[in-house]
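Heads up, model_38.cif below (mmCIF, C-alpha atoms and all ligand atoms):
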data_structure
#
loop_
_atom_site.label_atom_id
_atom_site.label_comp_id
_atom_site.auth_asym_id
_atom_site.auth_seq_id
_atom_site.Cartn_x
_atom_site.Cartn_y
_atom_site.Cartn_z
CA MET A 1 64.95 91.77 77.19
CA GLU A 2 65.42 89.40 80.13
CA TYR A 3 69.17 89.33 79.43
CA LEU A 4 69.35 93.12 79.39
CA LYS A 5 67.49 93.19 82.68
CA ALA A 6 69.90 90.65 84.17
CA ILE A 7 72.88 92.88 83.41
CA GLY A 8 71.14 96.03 84.60
CA GLU A 9 70.69 97.58 81.14
CA LYS A 10 67.70 98.57 79.09
CA CYS A 11 67.11 99.80 75.57
CA SER A 12 65.25 102.93 74.65
CA SER A 13 64.14 104.48 71.37
CA SER A 14 66.76 107.20 71.80
CA ASP A 15 69.63 104.65 71.75
CA SER A 16 72.09 105.24 68.93
CA ARG A 17 73.41 102.42 66.77
CA GLU A 18 76.63 102.48 68.82
CA ASP A 19 74.68 102.24 72.10
CA LEU A 20 72.77 99.24 70.80
CA GLN A 21 75.96 97.59 69.58
CA GLU A 22 77.59 98.10 72.96
CA LYS A 23 74.60 96.57 74.74
CA ALA A 24 74.50 93.65 72.31
CA LEU A 25 78.18 93.00 73.06
CA LYS A 26 77.51 93.04 76.80
CA VAL A 27 74.63 90.59 76.38
CA HIS A 28 76.87 88.35 74.27
CA THR A 29 79.62 88.33 76.93
CA TYR A 30 77.07 87.71 79.66
CA ARG A 31 75.50 84.78 77.82
CA MET A 32 78.89 83.24 76.99
CA ILE A 33 79.96 83.38 80.65
CA ALA A 34 76.55 82.16 81.82
CA GLU A 35 77.03 79.14 79.56
CA LEU A 36 80.47 78.40 81.03
CA PHE A 37 78.95 78.43 84.50
CA GLY A 38 76.01 76.22 83.54
CA LYS A 39 73.40 78.96 83.98
CA ALA A 40 70.00 79.09 82.32
CA HIS A 41 70.87 82.39 80.61
CA GLY A 42 73.74 80.70 78.74
CA TYR A 43 73.54 80.30 74.96
CA CYS A 44 72.62 76.62 75.38
CA ARG A 45 70.76 77.13 78.66
CA GLY A 46 73.88 76.04 80.50
CA VAL A 47 73.81 72.44 79.31
CA GLY A 48 76.41 72.81 76.55
CA GLY A 49 79.39 74.29 78.36
CA GLY A 50 82.34 76.07 76.81
CA ILE A 51 82.83 73.97 73.72
CA HIS A 52 79.20 73.88 72.65
CA ILE A 53 78.30 77.54 72.52
CA ALA A 54 75.79 78.11 69.75
CA ASP A 55 73.27 80.78 68.88
CA PHE A 56 70.68 79.56 66.42
CA GLU A 57 69.09 83.01 66.24
CA LEU A 58 72.30 84.26 64.64
CA GLY A 59 72.70 81.14 62.51
CA HIS A 60 75.58 79.89 64.64
CA LEU A 61 75.19 76.13 64.87
CA GLY A 62 77.90 75.58 67.44
CA ALA A 63 81.00 73.47 67.84
CA ASN A 64 81.38 69.81 68.68
CA ALA A 65 83.60 67.84 71.08
CA ILE A 66 83.72 65.04 68.52
CA VAL A 67 86.46 66.31 66.22
CA GLY A 68 84.89 67.01 62.82
CA GLY A 69 81.45 66.10 64.13
CA HIS A 70 80.04 69.48 63.17
CA VAL A 71 80.99 69.16 59.50
CA PRO A 72 78.09 66.87 58.47
CA ILE A 73 75.75 69.13 60.46
CA ALA A 74 77.03 72.11 58.46
CA VAL A 75 76.51 70.25 55.17
CA GLY A 76 72.95 69.45 56.27
CA ALA A 77 72.36 73.14 56.97
CA ALA A 78 73.74 74.07 53.54
CA ILE A 79 71.53 71.49 51.79
CA SER A 80 68.55 72.99 53.58
CA LEU A 81 69.51 76.47 52.33
CA ARG A 82 69.62 75.05 48.80
CA TYR A 83 66.11 73.61 49.20
CA LYS A 84 64.76 76.81 50.65
CA LYS A 85 66.45 78.81 47.88
CA GLN A 86 67.78 81.19 50.47
CA ASN A 87 70.45 83.55 49.33
CA SER A 88 72.92 82.70 52.07
CA LEU A 89 75.68 80.24 52.79
CA VAL A 90 77.28 78.16 55.51
CA LEU A 91 80.81 78.78 56.71
CA CYS A 92 82.17 75.64 58.33
CA LEU A 93 85.55 75.81 60.09
CA ALA A 94 87.44 72.69 61.14
CA GLY A 95 91.04 71.92 62.10
CA ASP A 96 93.82 70.26 60.12
CA GLY A 97 93.44 67.18 62.32
CA ALA A 98 89.70 67.01 61.63
CA PHE A 99 90.40 66.89 57.90
CA SER A 100 91.74 63.35 58.28
CA ASN A 101 88.55 62.15 59.94
CA GLY A 102 86.30 59.89 57.89
CA VAL A 103 83.17 61.85 58.67
CA VAL A 104 84.71 65.07 57.32
CA LEU A 105 85.69 63.47 54.02
CA GLU A 106 82.26 61.84 53.75
CA SER A 107 80.70 65.24 54.29
CA LEU A 108 82.77 66.79 51.50
CA ASN A 109 81.65 63.92 49.27
CA LEU A 110 78.00 64.45 50.17
CA ALA A 111 78.27 68.18 49.50
CA SER A 112 79.84 67.51 46.07
CA MET A 113 77.29 65.03 44.67
CA ALA A 114 76.79 65.53 40.93
CA GLN A 115 73.01 65.60 41.27
CA PHE A 116 73.09 69.03 42.88
CA LYS A 117 74.56 70.56 39.74
CA ASN A 118 73.37 68.37 36.84
CA GLY A 119 69.65 69.03 37.08
CA LEU A 120 68.64 65.69 38.65
CA MET A 121 67.74 67.53 41.80
CA ASP A 122 65.61 70.44 40.71
CA ARG A 123 67.69 73.49 39.80
CA LYS A 124 71.39 73.23 39.01
CA PHE A 125 72.93 74.69 42.10
CA GLY A 126 75.96 73.55 44.10
CA ILE A 127 75.70 73.27 47.86
CA PRO A 128 76.32 76.73 49.36
CA ILE A 129 79.08 75.97 51.82
CA ILE A 130 82.62 77.18 52.44
CA PHE A 131 84.76 74.56 54.12
CA GLY A 132 87.47 76.42 55.99
CA ILE A 133 90.44 74.47 57.27
CA VAL A 134 92.09 76.22 60.18
CA ASN A 135 95.52 74.71 59.64
CA ASN A 136 97.34 75.68 62.83
CA GLN A 137 100.08 73.12 62.06
CA TYR A 138 99.21 70.68 64.83
CA ALA A 139 96.28 68.46 65.72
CA MET A 140 97.19 67.19 69.21
CA SER A 141 100.88 66.73 68.58
CA GLY A 142 100.82 65.30 65.06
CA GLN A 143 101.46 67.42 61.98
CA GLU A 144 99.50 67.12 58.79
CA ARG A 145 102.49 67.82 56.54
CA GLY A 146 105.24 65.23 56.49
CA GLU A 147 103.64 63.16 59.20
CA ILE A 148 100.01 62.13 59.34
CA THR A 149 99.00 62.69 55.69
CA GLY A 150 100.72 62.05 52.38
CA ILE A 151 100.22 65.59 51.06
CA ASP A 152 101.68 69.04 51.61
CA TYR A 153 98.52 71.17 51.58
CA LEU A 154 95.16 69.82 52.68
CA ALA A 155 93.56 72.04 50.02
CA ARG A 156 94.69 69.38 47.52
CA ARG A 157 91.95 67.13 48.85
CA ALA A 158 89.36 69.31 47.08
CA ALA A 159 90.39 67.98 43.67
CA GLY A 160 89.22 64.48 44.54
CA PHE A 161 85.55 65.28 45.07
CA ASP A 162 84.35 66.90 41.89
CA MET A 163 85.02 66.49 38.14
CA ASP A 164 85.45 70.26 37.89
CA LEU A 165 87.82 70.17 40.88
CA MET A 166 86.17 71.89 43.85
CA HIS A 167 87.51 75.45 43.99
CA ALA A 168 90.25 75.52 46.63
CA GLU A 169 92.75 78.04 47.91
CA VAL A 170 95.62 78.09 50.36
CA VAL A 171 95.38 81.37 52.24
CA ASP A 172 97.79 83.15 54.57
CA GLY A 173 95.70 82.79 57.70
CA MET A 174 97.86 85.35 59.48
CA ASP A 175 96.85 88.06 57.00
CA ILE A 176 93.43 89.29 58.07
CA LEU A 177 92.74 91.05 54.76
CA ALA A 178 93.83 88.02 52.71
CA VAL A 179 91.40 85.89 54.71
CA ARG A 180 88.64 88.43 54.13
CA ASP A 181 89.31 88.53 50.37
CA SER A 182 89.34 84.75 50.06
CA VAL A 183 85.98 84.45 51.81
CA LYS A 184 84.56 87.13 49.51
CA ARG A 185 85.84 85.25 46.44
CA ALA A 186 84.38 82.03 47.76
CA SER A 187 80.98 83.60 48.39
CA LEU A 188 80.83 84.91 44.80
CA ILE A 189 81.52 81.40 43.48
CA ILE A 190 78.80 80.02 45.74
CA GLU A 191 76.32 82.70 44.63
CA LYS A 192 76.75 81.47 41.05
CA GLY A 193 75.80 77.96 42.19
CA GLU A 194 79.35 76.67 41.80
CA GLY A 195 79.94 75.71 45.43
CA PRO A 196 81.19 74.14 47.59
CA VAL A 197 84.54 75.86 48.10
CA LEU A 198 87.48 74.79 50.25
CA LEU A 199 89.78 77.36 51.85
CA GLU A 200 92.85 76.35 53.80
CA PHE A 201 94.00 79.03 56.23
CA MET A 202 97.63 78.61 57.24
CA THR A 203 98.12 79.71 60.82
CA TYR A 204 99.73 78.59 64.05
CA ARG A 205 98.87 77.29 67.49
CA TYR A 206 101.13 79.01 70.04
CA LYS A 207 99.97 77.03 73.05
CA GLY A 208 99.75 73.33 73.72
CA HIS A 209 96.69 71.34 72.81
CA SER A 210 95.69 71.28 76.48
CA LEU A 211 97.14 72.20 79.86
CA SER A 212 98.78 68.77 80.09
CA ASP A 213 100.59 69.16 76.76
CA PRO A 214 104.37 69.41 77.47
CA LEU A 215 105.06 70.83 73.97
CA THR A 216 108.01 68.48 73.43
CA TYR A 217 107.31 68.12 69.73
CA ARG A 218 108.47 71.56 68.54
CA ASP A 219 111.28 73.97 69.25
CA ARG A 220 111.33 77.55 70.45
CA ASP A 221 112.67 78.83 67.16
CA GLU A 222 109.59 77.64 65.28
CA LEU A 223 107.35 79.41 67.75
CA ASP A 224 109.33 82.66 67.46
CA GLN A 225 109.18 82.56 63.66
CA TRP A 226 105.39 82.31 63.72
CA ARG A 227 105.04 84.98 66.40
CA LYS A 228 106.68 87.44 64.03
CA ARG A 229 103.82 86.82 61.64
CA ASP A 230 101.09 87.00 64.27
CA ALA A 231 97.80 88.12 62.70
CA ILE A 232 97.05 90.86 65.23
CA ASN A 233 100.55 92.34 65.32
CA THR A 234 100.95 92.37 61.55
CA PHE A 235 97.51 93.89 61.10
CA GLU A 236 98.41 96.60 63.59
CA GLU A 237 101.56 97.37 61.58
CA LYS A 238 99.53 97.44 58.38
CA LEU A 239 96.97 99.82 59.91
CA ALA A 240 99.70 102.12 61.18
CA GLY A 241 101.14 102.38 57.68
CA THR A 242 97.79 102.95 55.97
CA LYS A 243 96.38 106.31 54.90
CA PHE A 244 92.67 106.74 55.52
CA PRO A 245 90.50 109.46 53.94
CA ALA A 246 91.15 112.89 55.47
CA SER A 247 87.57 112.94 56.75
CA GLN A 248 88.55 110.04 58.98
CA GLY A 249 91.63 111.70 60.37
CA GLY A 250 94.10 110.51 57.77
CA LYS A 251 95.87 107.99 59.94
CA ILE A 252 95.15 105.76 62.87
CA THR A 253 97.24 106.90 65.83
CA SER A 254 99.07 104.63 68.26
CA LYS A 255 96.86 106.11 70.97
CA GLU A 256 93.76 104.90 69.14
CA ILE A 257 95.27 101.45 68.71
CA GLU A 258 96.05 101.30 72.42
CA ALA A 259 92.49 102.40 73.27
CA LEU A 260 91.14 99.66 71.02
CA LYS A 261 93.35 97.04 72.67
CA LYS A 262 92.21 98.19 76.10
CA ARG A 263 88.59 97.93 75.06
CA VAL A 264 89.03 94.41 73.69
CA TYR A 265 90.88 93.37 76.84
CA GLU A 266 88.13 94.72 79.05
C1 LIG B 301 86.44 61.83 66.90
C2 LIG B 301 87.48 62.33 67.86
N1 LIG B 301 88.73 61.81 67.82
C3 LIG B 301 89.68 62.25 68.66
C4 LIG B 301 89.39 63.23 69.58
C5 LIG B 301 90.47 63.75 70.53
N2 LIG B 301 90.91 65.06 70.07
C6 LIG B 301 90.45 66.20 70.64
S1 LIG B 301 91.05 67.58 69.92
C7 LIG B 301 91.99 66.68 68.84
C8 LIG B 301 92.86 67.37 67.83
C9 LIG B 301 92.09 68.14 66.81
O1 LIG B 301 92.96 68.78 65.94
P1 LIG B 301 92.47 69.82 64.85
O2 LIG B 301 91.32 69.25 64.08
O3 LIG B 301 93.65 70.25 64.07
O4 LIG B 301 91.85 71.00 65.70
P2 LIG B 301 92.55 72.07 66.66
O5 LIG B 301 92.91 71.33 67.92
O6 LIG B 301 93.72 72.64 65.95
O7 LIG B 301 91.46 73.07 66.89
C10 LIG B 301 91.80 65.33 69.03
C11 LIG B 301 92.46 64.26 68.25
C12 LIG B 301 88.07 63.74 69.61
N3 LIG B 301 87.70 64.72 70.45
N4 LIG B 301 87.14 63.29 68.73
#

What does this structure look like when you write it as structure tokens?
Amino acid sequence: MEYLKAIGEKCSSSDSREDLQEKALKVHTYRMIAELFGKAHGYCRGVGGGIHIADFELGHLGANAIVGGHVPIAVGAAISLRYKKQNSLVLCLAGDGAFSNGVVLESLNLASMAQFKNGLMDRKFGIPIIFGIVNNQYAMSGQERGEITGIDYLARRAAGFDMDLMHAEVVDGMDILAVRDSVKRASLIIEKGEGPVLLEFMTYRYKGHSLSDPLTYRDRDELDQWRKRDAINTFEEKLAGTKFPASQGGKITSKEIEALKKRVYE
């Protein structure tokens, strides 16, 4: 309520679902910006800053400036879900660079211990966690493939943790629906107690690692090739070519897409 008050809004019993969603979005934006400016209304009361935004009420445990440092925290959260027998899971995203950090590999080992599934530890139930690798092709300037690891796909790592080979997939991270499907598949595996699961999303980082990154390690052509496959542009094309039920107007119009873009931008 205090956040609503701060942005000059209030809720009433006559609010529709859409009204409430809109207000929730405004509160979210306000709290994100408050965090960036070190204000008490920020998600971490202003002490975390941009990189540490977390919202425990929503089950969002936050990010970490120590590359890969959040992965053991995520495994801890997933072990606690297993204890509490809660029907939910942890989604833990980390970069391709992070997947060469010792602490990340130790965390995958911890999450794969045999005792979770062989009955030594109460019920036979694998740790409910999806490890998602956001493989955007570069850590700072080093590339996982052909440079800083000895493998092509990081998803191969999964096979080394579990006698049954941890379920792993390489997913086109530029295809929004493929990403959605893979996460659905992973959650069904986890529901059956056969987690953890490792998903490697192949995507691309258009910008430098930081403002001081001169981008000398890649050429323009590579960038252009990936831009053609950009997740938002290709999804827009897909939407434009899709038929929706007649009750929903049959087709999304370019006007509607533009209105959506404007709304997101605002
Ligand atoms: C333990 C640790 N080592 C090194 C760094 C410096 N560092 C910051 S970001 C980064 C690259 C991370 O790459 P990746 O995991 O692929 O994540 P992305 O930048 O793509 O999000 C590095 C090495 C750090 N913050 N923490």

Select from chain A every residue with an atom at most 12 Å from any atom of ligand LIG 301 (chain B), then for each give the shortest pair of atoms and their distance in Å to one decimal, using all atoms listed in the file, rows by chain and rising number, as JSON lines.
{"residue": "A:Ile51", "atom": "CA", "partner": "B:LIG301", "partner_atom": "N3", "distance": 11.0}
{"residue": "A:Ala63", "atom": "CA", "partner": "B:LIG301", "partner_atom": "O7", "distance": 10.5}
{"residue": "A:Asn64", "atom": "CA", "partner": "B:LIG301", "partner_atom": "N3", "distance": 8.3}
{"residue": "A:Ala65", "atom": "CA", "partner": "B:LIG301", "partner_atom": "N3", "distance": 5.2}
{"residue": "A:Ile66", "atom": "CA", "partner": "B:LIG301", "partner_atom": "N4", "distance": 3.8}
{"residue": "A:Val67", "atom": "CA", "partner": "B:LIG301", "partner_atom": "N4", "distance": 4.0}
{"residue": "A:Gly68", "atom": "CA", "partner": "B:LIG301", "partner_atom": "C1", "distance": 6.8}
{"residue": "A:Gly69", "atom": "CA", "partner": "B:LIG301", "partner_atom": "C1", "distance": 7.1}
{"residue": "A:His70", "atom": "CA", "partner": "B:LIG301", "partner_atom": "C1", "distance": 10.6}
{"residue": "A:Val71", "atom": "CA", "partner": "B:LIG301", "partner_atom": "O2", "distance": 11.3}
{"residue": "A:Leu93", "atom": "CA", "partner": "B:LIG301", "partner_atom": "O7", "distance": 9.4}
{"residue": "A:Ala94", "atom": "CA", "partner": "B:LIG301", "partner_atom": "O2", "distance": 6.0}
{"residue": "A:Gly95", "atom": "CA", "partner": "B:LIG301", "partner_atom": "O2", "distance": 3.3}
{"residue": "A:Asp96", "atom": "CA", "partner": "B:LIG301", "partner_atom": "O3", "distance": 4.0}
{"residue": "A:Gly97", "atom": "CA", "partner": "B:LIG301", "partner_atom": "O2", "distance": 3.4}
{"residue": "A:Ala98", "atom": "CA", "partner": "B:LIG301", "partner_atom": "O2", "distance": 3.7}
{"residue": "A:Phe99", "atom": "CA", "partner": "B:LIG301", "partner_atom": "O2", "distance": 6.7}
{"residue": "A:Ser100", "atom": "CA", "partner": "B:LIG301", "partner_atom": "O2", "distance": 8.3}
{"residue": "A:Asn101", "atom": "CA", "partner": "B:LIG301", "partner_atom": "C1", "distance": 7.3}
{"residue": "A:Gly102", "atom": "CA", "partner": "B:LIG301", "partner_atom": "C1", "distance": 9.2}
{"residue": "A:Val103", "atom": "CA", "partner": "B:LIG301", "partner_atom": "C1", "distance": 8.9}
{"residue": "A:Val104", "atom": "CA", "partner": "B:LIG301", "partner_atom": "C1", "distance": 10.3}
{"residue": "A:Gly132", "atom": "CA", "partner": "B:LIG301", "partner_atom": "O2", "distance": 11.5}
{"residue": "A:Ile133", "atom": "CA", "partner": "B:LIG301", "partner_atom": "O3", "distance": 8.6}
{"residue": "A:Val134", "atom": "CA", "partner": "B:LIG301", "partner_atom": "O6", "distance": 7.0}
{"residue": "A:Asn135", "atom": "CA", "partner": "B:LIG301", "partner_atom": "O3", "distance": 6.6}
{"residue": "A:Asn136", "atom": "CA", "partner": "B:LIG301", "partner_atom": "O6", "distance": 5.7}
{"residue": "A:Gln137", "atom": "CA", "partner": "B:LIG301", "partner_atom": "O3", "distance": 7.3}
{"residue": "A:Tyr138", "atom": "CA", "partner": "B:LIG301", "partner_atom": "O3", "distance": 5.6}
{"residue": "A:Ala139", "atom": "CA", "partner": "B:LIG301", "partner_atom": "O1", "distance": 3.3}
{"residue": "A:Met140", "atom": "CA", "partner": "B:LIG301", "partner_atom": "C8", "distance": 4.5}
{"residue": "A:Ser141", "atom": "CA", "partner": "B:LIG301", "partner_atom": "C8", "distance": 8.1}
{"residue": "A:Gly142", "atom": "CA", "partner": "B:LIG301", "partner_atom": "O1", "distance": 8.6}
{"residue": "A:Gln143", "atom": "CA", "partner": "B:LIG301", "partner_atom": "O3", "distance": 8.6}
{"residue": "A:Glu144", "atom": "CA", "partner": "B:LIG301", "partner_atom": "O3", "distance": 8.5}
{"residue": "A:Arg145", "atom": "CA", "partner": "B:LIG301", "partner_atom": "O3", "distance": 11.9}
{"residue": "A:Ile148", "atom": "CA", "partner": "B:LIG301", "partner_atom": "O3", "distance": 11.3}
{"residue": "A:Leu154", "atom": "CA", "partner": "B:LIG301", "partner_atom": "O3", "distance": 11.5}
{"residue": "A:Glu200", "atom": "CA", "partner": "B:LIG301", "partner_atom": "O3", "distance": 12.0}
{"residue": "A:Phe201", "atom": "CA", "partner": "B:LIG301", "partner_atom": "O6", "distance": 11.6}
{"residue": "A:Met202", "atom": "CA", "partner": "B:LIG301", "partner_atom": "O6", "distance": 11.3}
{"residue": "A:Thr203", "atom": "CA", "partner": "B:LIG301", "partner_atom": "O6", "distance": 9.8}
{"residue": "A:Tyr204", "atom": "CA", "partner": "B:LIG301", "partner_atom": "O6", "distance": 8.7}
{"residue": "A:Arg205", "atom": "CA", "partner": "B:LIG301", "partner_atom": "O6", "distance": 7.1}
{"residue": "A:Tyr206", "atom": "CA", "partner": "B:LIG301", "partner_atom": "O6", "distance": 10.6}
{"residue": "A:Lys207", "atom": "CA", "partner": "B:LIG301", "partner_atom": "O5", "distance": 10.4}
{"residue": "A:Gly208", "atom": "CA", "partner": "B:LIG301", "partner_atom": "O5", "distance": 9.2}
{"residue": "A:His209", "atom": "CA", "partner": "B:LIG301", "partner_atom": "O5", "distance": 6.2}
{"residue": "A:Ser210", "atom": "CA", "partner": "B:LIG301", "partner_atom": "S1", "distance": 8.8}
{"residue": "A:Asp213", "atom": "CA", "partner": "B:LIG301", "partner_atom": "S1", "distance": 11.8}

For this session: Kindly give the distance, in Å, that separates CA of Leu91 (chain A) and CA of Ile257 (chain A), rounded to a single decimal.
Result: 29.4 Å

Exercise. Quick one: distance from CA of Gly241 (chain A) to CA of Ser254 (chain A) in Å, one decimal?
Worked result: 11.0 Å

Problem set entry | Given all atoms listed in the file as the counted atoms, nearest of A:Gly48, A:Gly146, A:Gly250, A:Gly193 to Arg123 (chain A) |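 Closest to Arg123 (chain A), using all atoms listed in the file: A:Gly193.
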
For this session: May I have the residues within 12 Å of Ser80 (chain A) as an NGL selection string, using all atoms listed in the file and disregarding those fewer than 6 positions away in the same chain?
Result: :A and (73-74 or 86-90 or 111 or 127-129)

Exercise. How far is it from CA of Val197 (chain A) to CA of Gly160 (chain A), in Å with one decimal?
Worked result: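 Interatomic distance here is 12.8 Å.
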
Exercise. When distances are computed from only C-alpha atoms, which of A:Glu2, A:Leu81, A:Ala240, A:Phe161 shows the smallest separation from Ser107 (chain A)?
Worked result: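 Smallest distance to Ser107 (chain A) is found for A:Phe161.
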
Exercise. Which is closer to Thr29 (chain A) than all the others in A:Glu266, A:Arg185, A:Arg82, A:Val170, using only C-alpha atoms?
Worked result: A:Glu266

For this session: Would you please work out which residue, of A:Met113, A:Leu188, A:Val47, A:Leu199, is nearest to Asp162 (chain A) when using only C-alpha atoms?
Result: A:Met113

Neighbouring residues of Glu169 (chain A) were defined as those with any atom within 12 Å, considering all atoms listed in the file; residues of the same chain fewer than 2 positions away were excluded. Please report them as a PDB file with C-alpha atoms, in the frame of the given file.
ATOM      1  CA  ILE A 130      82.620  77.180  52.440  1.00  0.00           C
ATOM      2  CA  PHE A 131      84.760  74.560  54.120  1.00  0.00           C
ATOM      3  CA  GLY A 132      87.470  76.420  55.990  1.00  0.00           C
ATOM      4  CA  ILE A 133      90.440  74.470  57.270  1.00  0.00           C
ATOM      5  CA  TYR A 153      98.520  71.170  51.580  1.00  0.00           C
ATOM      6  CA  LEU A 154      95.160  69.820  52.680  1.00  0.00           C
ATOM      7  CA  ALA A 155      93.560  72.040  50.020  1.00  0.00           C
ATOM      8  CA  ARG A 156      94.690  69.380  47.520  1.00  0.00           C
ATOM      9  CA  ARG A 157      91.950  67.130  48.850  1.00  0.00           C
ATOM     10  CA  ALA A 158      89.360  69.310  47.080  1.00  0.00           C
ATOM     11  CA  ALA A 159      90.390  67.980  43.670  1.00  0.00           C
ATOM     12  CA  LEU A 165      87.820  70.170  40.880  1.00  0.00           C
ATOM     13  CA  MET A 166      86.170  71.890  43.850  1.00  0.00           C
ATOM     14  CA  HIS A 167      87.510  75.450  43.990  1.00  0.00           C
ATOM     15  CA  VAL A 171      95.380  81.370  52.240  1.00  0.00           C
ATOM     16  CA  ASP A 172      97.790  83.150  54.570  1.00  0.00           C
ATOM     17  CA  GLY A 173      95.700  82.790  57.700  1.00  0.00           C
ATOM     18  CA  ALA A 178      93.830  88.020  52.710  1.00  0.00           C
ATOM     19  CA  VAL A 179      91.400  85.890  54.710  1.00  0.00           C
ATOM     20  CA  ASP A 181      89.310  88.530  50.370  1.00  0.00           C
ATOM     21  CA  SER A 182      89.340  84.750  50.060  1.00  0.00           C
ATOM     22  CA  VAL A 183      85.980  84.450  51.810  1.00  0.00           C
ATOM     23  CA  ARG A 185      85.840  85.250  46.440  1.00  0.00           C
ATOM     24  CA  ALA A 186      84.380  82.030  47.760  1.00  0.00           C
ATOM     25  CA  VAL A 197      84.540  75.860  48.100  1.00  0.00           C
ATOM     26  CA  LEU A 198      87.480  74.790  50.250  1.00  0.00           C
ATOM     27  CA  LEU A 199      89.780  77.360  51.850  1.00  0.00           C
ATOM     28  CA  GLU A 200      92.850  76.350  53.800  1.00  0.00           C
ATOM     29  CA  PHE A 201      94.000  79.030  56.230  1.00  0.00           C
ATOM     30  CA  MET A 202      97.630  78.610  57.240  1.00  0.00           C
TER      31      MET A 202
END

For this session: Within 10 Å of Lys124 (chain A), counting all atoms listed in the file, which residues show up once you throw out same-chain ones fewer than 3 positions away? Write them as a PyMOL selection string, please.
Result: chain A and resi 114-121+127+193-194

For this session: Between A:Ile7, A:Cys92, A:Ile33, A:Ile252, single out the one closest to Gly59 (chain A), counting all atoms listed in the file.
Result: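 Among A:Ile7, A:Cys92, A:Ile33, A:Ile252, it is A:Cys92 that comes nearest to Gly59 (chain A).
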